Each structure stands twice: as C-alpha cells, then as structure tokens.
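Working notes for the structure below.
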Amino acid sequence: MPRLLILGRNGQLARALSAAPGPFETVQAAGRAEADLAEPGAVARLIEAWRPDAVINAAAWTAVDDAEAQEAGAREINARGAGEAAQAAGAAGARFIHVSTDYVFGGAPGAPFAEDAAPAPVNAYGRTKLDGERAVLEACPGACVVRAAGVFSGGGADFPSAMWRLAHTRPEIGVVDDQLTGPTWAGDLAERLIALALAPDASGLFHCASGPQLSWAQFAAACFDLAREAGLPHAQVRPITSAGYVRPAARPADSRLASTRLEAATGLPAPDWRTGLSKALDAWRRSR
Ligand SMILES: NC(=O)c1ccc[n+]([C@@H]2O[C@H](COP(=O)([O-])OP(=O)(O)OC[C@H]3O[C@@H](n4cnc5c(N)ncnc54)[C@H](OP(=O)(O)O)[C@@H]3O)[C@@H](O)[C@H]2O)c1
C-alpha cells in the first residue's frame, strides 16, 4: 500500500491530513523531533530511511509578524529546509507536495491572481515562502507547490477560533475590511493535496482558494452569524482599515487566488468556506 509522509505533525493542516489521508494506508506524521526542517540533513535522513511514496510538506515557519525580525530563521525553514526535503523526496522517487501562501502576492485590489502572475510579497514571511517555492521546484521539478490562503480549522490558533474566543469578552471587535482573501478550511486543502499526491502527471504551481472571496471583516461577521445560530457568544464586527490596525508585518490588500488549475488537475471544485466554517465551529466546540 502507498506510504505517505506528512511533515509537520502538530499544525492545523498536518492534523487535517492525518485525519483524512485518502487511500494512503501507511501514514507517518513527523514533527520537529523526527524531521526538523531547520536541521540540515534531518528530513533527508527520514525520507531515505522510511521510503515514502509521497511526501506532503505541511511544516513551515508560519509566524508572519515574527518573521519580520527573524527573516533568516524563517528562510532556513521555509526555503532551505523545504528545498532539501524536495530534493530528498525526488531522489527517493517520491511525489513531493509543498504548501505555500497567497502572501507571495501584494498590491492593490484587482482580479484574483493566476499561477503565472508576478509575485510581489510585501512582508518577510512572503519572501521566505516565495524562496521556498523556487527551491522546491528547482530541487524537484515534478513537485506540486500549492498556494493556500487563510487556512482555518477551529483548532485554536486560527482566525475563526480567535473571533469565537474574543466574543466571550468583547461585544464589538474591529476587523480589517480592506484586505481581501479566500479563506480555506484545512480539511478542504488536505483533500486537494492528497489528490495531487495521487496525480502523477501534476506538477508546478497551483492555487487553492475557497469561495466566495471576501474581506476579513466579512469573514468575521460570518463567524459570528454561525456562533449566534449555535447559541454561542458572538460579537458585532466594526469594519476598520489596515491603517487602523498596524502590525509588524504588512499584509497584502488583495491576495485572492484563482484556482482553476487545481480544479482541473484534481477534478475537485473550489471549496465553499461556509461548509468548512461549520465544521471548524464543531471542532472548536469539541476542543473546549
Ligand atoms: N495558516 C494560514 O492561514 C496559512 C495561509 C496560507 C498558507 N499557509 C501555509 O500552509 C501550511 C500549513 O500551515 P498551518 O496553518 O497548518 O500552520 P501551523 O498550524 O502553524 O503549523 C505549522 C507546523 O510547522 C511546524 N514547524 C515549524 N517549524 C518547523 C521546523 N523547523 N521543523 C519541522 N516542523 C516545523 C510546526 O511545528 P511545532 O508545532 O513544533 O511548532 C507546526 O506543526 C504552511 O506551509 C503555511 O505557510 C497557511
């Protein structure tokens, strides 16, 4: 039976992959202890020893604001480590599926970005992830690099969980209304990564984004609508501008992705985040 190695055991995407690995019957999710992307040679040794048929890299430096002051550390994991993992997977004859981000794009609101649009990251995290895409595809030309956006799971560290948690103590929450995104439930992203791992002819860049695409303030309002329907604490959203919510790392005003290439390669339609948000709320309630 085919063997799947998931890099990043405790992250929200890695957990979704472990929960629904499709036809992969032998699955290993490796955390930092077994496969530290910051330690040269560690991931390669694991791949050589375990000989997976496919490797999905769900591990990354994801602390967007911290990356501003620690760009070299973030690049070590997001670029050098990812490239080394891709190299080792290719050498072992394994499929390599890597996850990147909509934050490789920046700029003013416009149409959703296709895969061949010119990247222009506006923060250090985006730069390190873009370097990672290039390192992966150079080391393993048959790899798939999937750019995702606004990944959520209800696991506690994501945007909806933060909104539901804040609603316990605040009647009103300011959320930026001038940044557009296509938030994606981790389970929907995981399903598409598994499908790519099973599609031997698929390679290169793919975009995964759920619809309908919207602003973070609109997404927050949807989180609270759902909480209200479930009889849970909810808050009013006060739309604010990015200028009123300054953080160490700038965010792109519009990083919406066009995902037709992924739909064609997997046969799966673009996910609807509203379905995923209900599942995330279920997960969030179960975890409390
Ligand atoms: N979250 C989003 O909104 C979003 C949006 C677009 C793209 N993405 C991309 O989606 C992928 C999955 O993100 P996620 O939301 O699941 O992130 P996450 O929940 O923060 O998980 C990231 C995982 O990476 C692991 N990790 C960090 N440094 C590592 C290292 N040196 N060696 C091995 N593992 C390491 C972490 O391990 P520890 O638990 O030990 O810290 C954690 O388990 C990433 O590539 C991310 O860039 C995420």
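By convention here, the chains of the structure tokens are called A, B, ... in the order presented, each chain's residues are numbered starting at 1, and ligands are numbered starting at 1 in the order presented.
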Mind checking which residues fall within 7 Å of Phe152 of chain A, counting only C-alpha atoms, ignoring those fewer than 2 positions away in the same chain, and posting them as a JSON list (two decimals) with C-alpha atoms, in the first residue's frame?
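Okay, this is what ended up in around13.json:
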[["chain", "number", "residue", "atom", "x", "y", "z"],
["A", 150, "GLY", "CA", -6.45, 31.98, 5.25],
["A", 154, "GLY", "CA", -11.23, 25.60, 14.57],
["A", 158, "ASP", "CA", -6.72, 30.25, 13.51],
["A", 159, "PHE", "CA", -8.82, 33.32, 12.69],
["A", 160, "PRO", "CA", -12.31, 31.89, 13.41],
["A", 184, "THR", "CA", -9.90, 27.77, 3.26],
["A", 185, "TRP", "CA", -10.88, 25.02, 5.69],
["A", 186, "ALA", "CA", -7.84, 22.82, 6.40]]
Going by DSSP on the backbone, which residues of segment 55-274 of chain A come out as strand (DSSP E)? List them as an MDAnalysis selection string. chainID A and resid 55:57 95:101 144:148 151:152 172:176 180:181 184:185 204:207 214:215 236:240
Give me a file of those residues, with C-alpha atoms, as a PDB file, in the first residue's frame.
ATOM      1  CA  VAL A  55       5.662  13.497   0.989  1.00  0.00           C
ATOM      2  CA  ILE A  56       3.394  16.424   1.857  1.00  0.00           C
ATOM      3  CA  ASN A  57       5.180  19.338   3.489  1.00  0.00           C
ATOM      4  CA  ARG A  95       5.896  12.616  -5.022  1.00  0.00           C
ATOM      5  CA  PHE A  96       6.516  15.920  -3.237  1.00  0.00           C
ATOM      6  CA  ILE A  97       3.629  18.246  -2.437  1.00  0.00           C
ATOM      7  CA  HIS A  98       4.550  21.562  -0.841  1.00  0.00           C
ATOM      8  CA  VAL A  99       2.285  24.242   0.610  1.00  0.00           C
ATOM      9  CA  SER A 100       2.870  27.932   0.015  1.00  0.00           C
ATOM     10  CA  THR A 101       0.845  31.057   0.566  1.00  0.00           C
ATOM     11  CA  CYS A 144       3.495  20.405  -6.762  1.00  0.00           C
ATOM     12  CA  VAL A 145       3.501  23.734  -4.931  1.00  0.00           C
ATOM     13  CA  VAL A 146       0.068  24.727  -3.680  1.00  0.00           C
ATOM     14  CA  ARG A 147      -0.565  28.297  -2.578  1.00  0.00           C
ATOM     15  CA  ALA A 148      -3.292  28.438   0.048  1.00  0.00           C
ATOM     16  CA  VAL A 151      -6.258  28.360   6.402  1.00  0.00           C
ATOM     17  CA  PHE A 152      -8.602  27.631   9.329  1.00  0.00           C
ATOM     18  CA  GLU A 172     -17.591  44.548  19.456  1.00  0.00           C
ATOM     19  CA  ILE A 173     -14.425  43.655  17.542  1.00  0.00           C
ATOM     20  CA  GLY A 174     -12.619  45.780  14.942  1.00  0.00           C
ATOM     21  CA  VAL A 175     -11.602  43.751  11.885  1.00  0.00           C
ATOM     22  CA  VAL A 176      -9.924  44.969   8.709  1.00  0.00           C
ATOM     23  CA  LEU A 180      -9.490  40.544   0.539  1.00  0.00           C
ATOM     24  CA  THR A 181      -8.968  36.790   0.872  1.00  0.00           C
ATOM     25  CA  THR A 184      -9.898  27.767   3.261  1.00  0.00           C
ATOM     26  CA  TRP A 185     -10.884  25.016   5.694  1.00  0.00           C
ATOM     27  CA  GLY A 204       4.255  23.016 -10.772  1.00  0.00           C
ATOM     28  CA  LEU A 205       2.269  25.821  -9.172  1.00  0.00           C
ATOM     29  CA  PHE A 206      -1.366  25.535  -8.100  1.00  0.00           C
ATOM     30  CA  HIS A 207      -3.697  27.907  -6.272  1.00  0.00           C
ATOM     31  CA  LEU A 214     -14.388  38.424   0.793  1.00  0.00           C
ATOM     32  CA  SER A 215     -12.788  40.788   3.324  1.00  0.00           C
ATOM     33  CA  GLN A 236     -20.517  42.902  16.412  1.00  0.00           C
ATOM     34  CA  VAL A 237     -17.888  43.493  13.756  1.00  0.00           C
ATOM     35  CA  ARG A 238     -16.609  47.051  13.443  1.00  0.00           C
ATOM     36  CA  PRO A 239     -15.021  47.343   9.995  1.00  0.00           C
ATOM     37  CA  ILE A 240     -11.646  49.106  10.191  1.00  0.00           C
TER      38      ILE A 240
END
task = Give the helix (DSSP H, G or I) residues of segment 30-129 of chain A, as DSSP finds them on the backbone, and put them as a VMD selection string.
result = chain A and resid 42 to 50 66 to 68 71 to 91 102 to 104 124 to 129
Requested in this report: Pick out the closest residue to ligand 1 from this set: A:Leu257, A:Ala94, A:Met163, A:Ala197. Count only C-alpha atoms and all ligand atoms.
Outcome: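 Closest to ligand 1 of all the choices is A:Leu257.
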One decimal place gives the atom CA of Leu46 of chain A-atom CA of Ala82 of chain A separation as 13.8 Å
Go through the chains and note each residue within 6 Å of ligand 1, using only C-alpha atoms and all ligand atoms, then give the set as a CSV table (one decimal) with C-alpha atoms, in the first residue's frame.
chain,number,residue,atom,x,y,z
A,8,GLY,CA,4.6,18.9,10.4
A,9,ARG,CA,2.7,16.8,12.9
A,10,ASN,CA,1.0,19.3,15.1
A,11,GLY,CA,0.0,22.0,12.7
A,12,GLN,CA,-3.6,22.5,11.7
A,13,LEU,CA,-3.1,21.3,8.1
A,14,ALA,CA,-1.0,18.3,9.2
A,31,GLY,CA,7.1,16.6,13.9
A,32,ARG,CA,10.2,18.6,14.7
A,35,ALA,CA,12.2,15.9,11.0
A,36,ASP,CA,13.4,19.4,11.9
A,37,LEU,CA,13.5,21.5,8.8
A,38,ALA,CA,16.0,23.8,10.4
A,58,ALA,CA,2.7,21.0,5.9
A,59,ALA,CA,5.5,22.3,8.1
A,60,ALA,CA,6.6,25.9,7.9
A,61,TRP,CA,7.5,29.0,9.9
A,62,THR,CA,4.0,30.5,10.0
A,77,ILE,CA,12.8,26.5,7.4
A,99,VAL,CA,2.3,24.2,0.6
A,100,SER,CA,2.9,27.9,0.0
A,101,THR,CA,0.8,31.1,0.6
A,102,ASP,CA,-1.2,33.8,-1.0
A,148,ALA,CA,-3.3,28.4,0.0
A,149,ALA,CA,-5.0,31.3,1.8
A,150,GLY,CA,-6.5,32.0,5.3
A,151,VAL,CA,-6.3,28.4,6.4
Ser259 of chain A proximity check over A:Arg192, A:His168, A:Arg274, A:Arg228, using only C-alpha atoms: winner is A:Arg192
Open item on the list: Report as a list in words all protein, DNA and RNA residues lying within 9 Å of Cys223 of chain A, evaluated on only C-alpha atoms, omitting residues in the same chain fewer than 2 positions from it.
Closed with: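 What passes the distance filter is Pro160, Ser161, Met163, Trp164, Gln218, Phe219, Ala220, Ala221, Asp225, Leu226, Ala227, Arg228, His234, Leu277, Ser278 and Leu281 of chain A.
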Just checking: using only C-alpha atoms, which residue out of A:Thr241, A:Phe224, A:Asp201, A:Leu130 ends up closest to Ala162 of chain A?
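That would be A:Phe224, the residue with the smallest distance to Ala162 of chain A.
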Practice problem: Calculate how many Å separate atom CA of Gln87 of chain A from atom CA of Phe24 of chain A, rounding to one decimal. | Solution: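 Pair atom CA of Gln87 of chain A / atom CA of Phe24 of chain A returns 21.9 Å.
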Checklist line | Separation of atom CA of Gln70 of chain A from atom CA of Arg127 of chain A, in Å and rounded to one decimal | finding: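 We find that atom CA of Gln70 of chain A and atom CA of Arg127 of chain A lie 12.2 Å from each other.
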